[in-house]
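Some notes on the structure that comes next.
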Amino acid sequence: NMLATTIGGRTFNNCMMNAAGIRCQSKQDLDALVQSDAGAYVTKSATPQKRAGNPSPRMHTLPHGSINSMGLPNNGLDYYLNYVIADQQKRPGTTNFLSVAGTSLADNLAMLHQIQASEYTGFVELNLSCPNVPGKPQVGYDFDRVHTVLDQVFDFYTKPLGVKLPPYFDLVHFDQIAAILNQYPLTFVNSINSIGNALVVDPQSEQVVIRPKGGYGGIGGASVKPTALANVRGLALRLKPEIAIVGTGGILNGVDVFEHILCGASMVQIGTQFGYEGIPLFDRLATELTDIMKKKGYTSIDDFRGKLKTFD
Ligand SMILES: O=C(O)c1[nH]c(=O)[nH]c(=O)c1Cl
């Protein structure tokens, strides 16, 4: 069908899925995604043990997006690993994404050793970009740290793995992160995570809108699309072809999915808008994207992936 895509030798019948963290924390959430038109799901980023996360209010919706400082609330790795293993047994031949976000290198390595030793055959999304754990920097902004983490991961991890990156804002940073990533047998790179440590103010109450970190949190939604497209394109132009790109950020409508694919994405994830709209989002986006493709004479996303034109 027109929306099929392939990453790491696995074919998905729809190039759209949820973004980690959005309606994917419980079995009920994940079951709804399994039943939906989404081509796959990604689980809420896991830590080794269950975590309550930051104190509320920790998420606020805005006309043009959202701000969150959830602080990695999740049910712990075992919960999600058990879920994805049970799901792959129920639905052989499907591939999904298990997100992990240790708050230390030791935690990330311990989780990946556990996953490596398990029956899990799907993808792992190693989250190097959570901006909301107080006192913890985003690993993705420390290039030496990224090098160290990937060196130690690929010493033993042999299953398909990708990394979730923060947005970069300088072309030199695209060069630097791509030079590092190209040294590893990565299956995909997911770009972008929320734009970290933004501040939203309520002028009426003269107060910030979320409690953690004095009101600082990650921004998602419409306002981040230009940054997301820049990162997808910047990485697509620099990464070796074996590394697929998952485009995330600012997708509200089918045209936004089209733009992410035009910039080089093989699959897209929807966060903020999926949070607002829920499961019906995937059917709406599939219809809108298919209509755009038909109007342009495309029959597959391969017809236009990465084919963004410039003036020269
Ligand atoms: O606060 C969070 O849980 C969170 N929030 C985000 O916006 N991105 C992330 O990767 C994570 Cl882990």
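Please note that chains go A, B, ... in the order of the structure tokens, that every chain numbers its residues from 1, and that ligands are numbered from 1 in the order shown.
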
**OP:** Please give me, as an MDAnalysis selection string, the residues lying within 6 Å of ligand 1 when counting only C-alpha atoms and all ligand atoms.
**Re:** chainID A and resid 45 68:73 129:130 132 193:194 218

Original post:
Which residues come within 8 Å of stretch 93-109 of chain A, counting only C-alpha atoms, excluding same-chain residues fewer than 2 positions away, as a ChimeraX atom specification?
Top reply: /A:10,12,20,40-48,77,80-81,84,88,91,111-113,121-128,130,133,136,149,152-153

**OP:** Please give the complete set of residues from stretch 99-234 of chain A that DSSP, run on the backbone, assigns to strand (DSSP E or B), formatted as an NGL selection string.
**Re:** :A and (99-100 or 123-127 or 161-165 or 188-191 or 195-199 or 201-202 or 207-208 or 216-220)

Original post:
Any idea what's packed within 7 Å of stretch 198-211 of chain A, counting only C-alpha atoms, ignoring anything in its chain fewer than 2 positions away? Could you give it as a list in words?
Top reply: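 What passes the distance filter is Pro55, Ser56, Pro57, Arg58, Met59, His60, Ile195, Gly196, Lys213, Gly214, Gly215, Tyr216, Gly217, Gly218 and Ile219 of chain A.
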
Please dump the current selection as a short mmCIF file (atom, residue, chain, number, x, y, z; two decimals), in the first residue's frame; keep all heavy atoms.
```cif
data_model
loop_
_atom_site.label_atom_id
_atom_site.label_comp_id
_atom_site.auth_asym_id
_atom_site.auth_seq_id
_atom_site.Cartn_x
_atom_site.Cartn_y
_atom_site.Cartn_z
N PRO A 55 6.75 16.30 40.09
CA PRO A 55 5.47 16.72 40.67
C PRO A 55 4.64 17.53 39.66
O PRO A 55 5.19 18.23 38.82
CB PRO A 55 5.89 17.58 41.87
CG PRO A 55 7.28 18.03 41.58
CD PRO A 55 7.91 16.95 40.73
N SER A 56 3.33 17.42 39.76
CA SER A 56 2.41 18.14 38.87
C SER A 56 2.15 19.55 39.40
O SER A 56 2.39 19.81 40.59
CB SER A 56 1.07 17.37 38.79
OG SER A 56 1.32 16.12 38.18
N PRO A 57 1.68 20.46 38.56
CA PRO A 57 1.46 20.32 37.12
C PRO A 57 2.79 20.19 36.38
O PRO A 57 3.72 20.95 36.64
CB PRO A 57 0.73 21.58 36.72
CG PRO A 57 1.13 22.61 37.73
CD PRO A 57 1.37 21.85 39.01
N ARG A 58 2.83 19.22 35.47
CA ARG A 58 4.08 18.93 34.77
C ARG A 58 3.91 18.89 33.25
O ARG A 58 4.84 18.59 32.52
CB ARG A 58 4.69 17.64 35.28
CG ARG A 58 3.81 16.42 35.15
CD ARG A 58 4.38 15.25 35.95
NE ARG A 58 3.66 14.00 35.64
CZ ARG A 58 3.91 12.84 36.22
NH1 ARG A 58 4.87 12.73 37.14
NH2 ARG A 58 3.24 11.75 35.89
N MET A 59 2.73 19.22 32.78
CA MET A 59 2.47 19.29 31.34
C MET A 59 1.38 20.32 31.12
O MET A 59 0.45 20.44 31.91
CB MET A 59 2.02 17.91 30.84
CG MET A 59 2.05 17.72 29.35
SD MET A 59 0.48 18.19 28.66
CE MET A 59 0.71 17.61 26.99
N HIS A 60 1.56 21.14 30.04
CA HIS A 60 0.55 22.18 29.78
C HIS A 60 0.34 22.26 28.28
O HIS A 60 1.31 22.20 27.51
CB HIS A 60 1.07 23.52 30.32
CG HIS A 60 0.10 24.65 30.19
ND1 HIS A 60 -0.90 24.89 31.12
CD2 HIS A 60 -0.03 25.61 29.25
CE1 HIS A 60 -1.58 25.96 30.75
NE2 HIS A 60 -1.08 26.41 29.62
N ILE A 195 12.01 20.46 22.24
CA ILE A 195 13.01 21.51 22.40
C ILE A 195 13.09 21.80 23.90
O ILE A 195 12.14 22.31 24.49
CB ILE A 195 12.63 22.78 21.62
CG1 ILE A 195 12.59 22.48 20.12
CG2 ILE A 195 13.60 23.91 21.93
CD1 ILE A 195 12.25 23.66 19.24
N GLY A 196 14.20 21.39 24.49
CA GLY A 196 14.30 21.34 25.94
C GLY A 196 14.40 22.70 26.62
O GLY A 196 14.80 23.70 26.01
N LYS A 213 11.34 22.40 37.96
CA LYS A 213 12.43 23.22 37.43
C LYS A 213 12.05 24.68 37.21
O LYS A 213 12.44 25.30 36.21
CB LYS A 213 12.96 22.61 36.12
CG LYS A 213 13.61 21.24 36.30
CD LYS A 213 13.96 20.55 34.97
CE LYS A 213 14.87 21.38 34.10
NZ LYS A 213 15.25 20.64 32.84
N GLY A 214 11.23 25.21 38.09
CA GLY A 214 10.88 26.63 37.98
C GLY A 214 10.09 26.96 36.73
O GLY A 214 10.01 28.12 36.31
N GLY A 215 9.48 25.92 36.10
CA GLY A 215 8.65 26.16 34.92
C GLY A 215 9.29 25.79 33.61
O GLY A 215 8.68 25.91 32.54
N TYR A 216 10.53 25.28 33.68
CA TYR A 216 11.24 24.94 32.42
C TYR A 216 10.83 23.55 31.95
O TYR A 216 10.75 22.60 32.76
CB TYR A 216 12.75 24.97 32.65
CG TYR A 216 13.32 26.37 32.70
CD1 TYR A 216 13.08 27.19 33.80
CD2 TYR A 216 14.05 26.88 31.64
CE1 TYR A 216 13.58 28.49 33.84
CE2 TYR A 216 14.57 28.18 31.68
CZ TYR A 216 14.32 28.98 32.78
OH TYR A 216 14.82 30.26 32.81
N GLY A 217 10.57 23.42 30.65
CA GLY A 217 10.17 22.11 30.11
C GLY A 217 10.37 22.03 28.62
O GLY A 217 10.72 23.02 27.97
N GLY A 218 10.13 20.83 28.07
CA GLY A 218 10.33 20.60 26.64
C GLY A 218 9.10 21.02 25.84
O GLY A 218 7.98 20.72 26.22
N ILE A 219 9.35 21.69 24.72
CA ILE A 219 8.28 22.17 23.84
C ILE A 219 8.04 21.16 22.72
O ILE A 219 8.99 20.63 22.14
CB ILE A 219 8.67 23.53 23.21
CG1 ILE A 219 8.74 24.61 24.28
CG2 ILE A 219 7.72 23.93 22.10
CD1 ILE A 219 7.37 25.09 24.74
#
```

Subject >> Near-A:Ser191 list (8 Å; only C-alpha atoms; drop same-chain fewer than 4 positions) as a PyMOL selection string >> reply: chain A and resi 164-167+228+231-232+245-249

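Shortest atom-to-atom contact with A:Phe188 among A:Ile67, A:Leu239, A:Leu262, A:Val257: A:Leu239, counting only C-alpha atoms.
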
Original post:
Got a sec: who's within 10 Å of stretch 241-244 of chain A, counting only C-alpha atoms, leaving out chain neighbours fewer than 2 positions off, as a list in words?
Top reply: Thr6, Ile7, Gly8, Gly162, Leu181, Asn182, Tyr184, Pro185, Leu186, Thr187, Phe188, Val189, Asn190, Leu235, Ala236, Leu237, Arg238, Leu239, Val246, Gly247, Gly264, Ala265, Ser266 and Met267 of chain A

**OP:** Find, counting only C-alpha atoms, the residue in A:Asp29, A:Pro226, A:Ile279, A:Gly234 that gets nearest to A:Val172.
**Re:**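 Of A:Asp29, A:Pro226, A:Ile279, A:Gly234, the one nearest A:Val172, counting only C-alpha atoms, is A:Gly234.
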
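Compared by their closest atoms to A:Pro131, and using only C-alpha atoms, the residues A:Lys225, A:Val163, A:Asn197, A:Ala110 rank with A:Asn197 nearest.
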
**OP:** Apply DSSP to the structure's backbone, then extract all residues of stretch 153-263 of chain A labelled alpha helix (DSSP H) and return them as an MDAnalysis selection string.
**Re:** chainID A and resid 153 171:181 225:236 254:262

**OP:** Might you pull out every residue within 9 Å of stretch 144-146 of chain A, with only C-alpha atoms counted and same-chain residues fewer than 3 positions away left off, and present them as a ChimeraX atom specification?
**Re:** /A:128,139-141,149-151,177,180-181

For C-alpha atoms, I'd like the residues from the last selection saved as a PDB file, in the first residue's frame.
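Everything below was put into result-v1.pdb:
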```pdb
ATOM      1  CA  LEU A 128      19.690  10.313  24.648  1.00  0.00           C
ATOM      2  CA  VAL A 139      23.394  13.210  26.728  1.00  0.00           C
ATOM      3  CA  GLY A 140      22.819  14.183  23.085  1.00  0.00           C
ATOM      4  CA  TYR A 141      24.383  17.590  23.686  1.00  0.00           C
ATOM      5  CA  VAL A 149      27.763   5.437  25.297  1.00  0.00           C
ATOM      6  CA  LEU A 150      27.684   4.018  21.760  1.00  0.00           C
ATOM      7  CA  ASP A 151      31.146   2.450  22.146  1.00  0.00           C
ATOM      8  CA  ILE A 177      26.866  14.267  15.642  1.00  0.00           C
ATOM      9  CA  ILE A 180      29.947  10.060  15.482  1.00  0.00           C
ATOM     10  CA  LEU A 181      26.757   8.183  14.539  1.00  0.00           C
TER      11      LEU A 181
END
```

**OP:** Using only C-alpha atoms, pick whichever of A:Ile301, A:Leu3, A:Ala178, A:Ala38 has the shortest atom-to-atom distance to A:Gln269.
**Re:**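 Looking only at the distances to A:Gln269, the closest residue turns out to be A:Ala38.
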
**OP:** Find the residues around A:Tyr83 up to 9 Å (only C-alpha atoms counted), leave out those fewer than 4 positions away in its own chain, and share them as a list of chain:residue names.
**Re:** A:Lys27, A:Leu30, A:Asp78, A:Tyr79, A:Asp87, A:Gln88

**OP:** Record the distance separating atom CA of A:Ala4 and atom CA of A:Asp256, expressed in Å with one decimal.
**Re:** 17.1 Å

Original post:
Restricting the calculation to only C-alpha atoms, which member of A:Val255, A:Ile261, A:Ile115, A:Val224 is positioned closest to A:Ala286?
Top reply: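 Closest residue, counting only C-alpha atoms: A:Val255.
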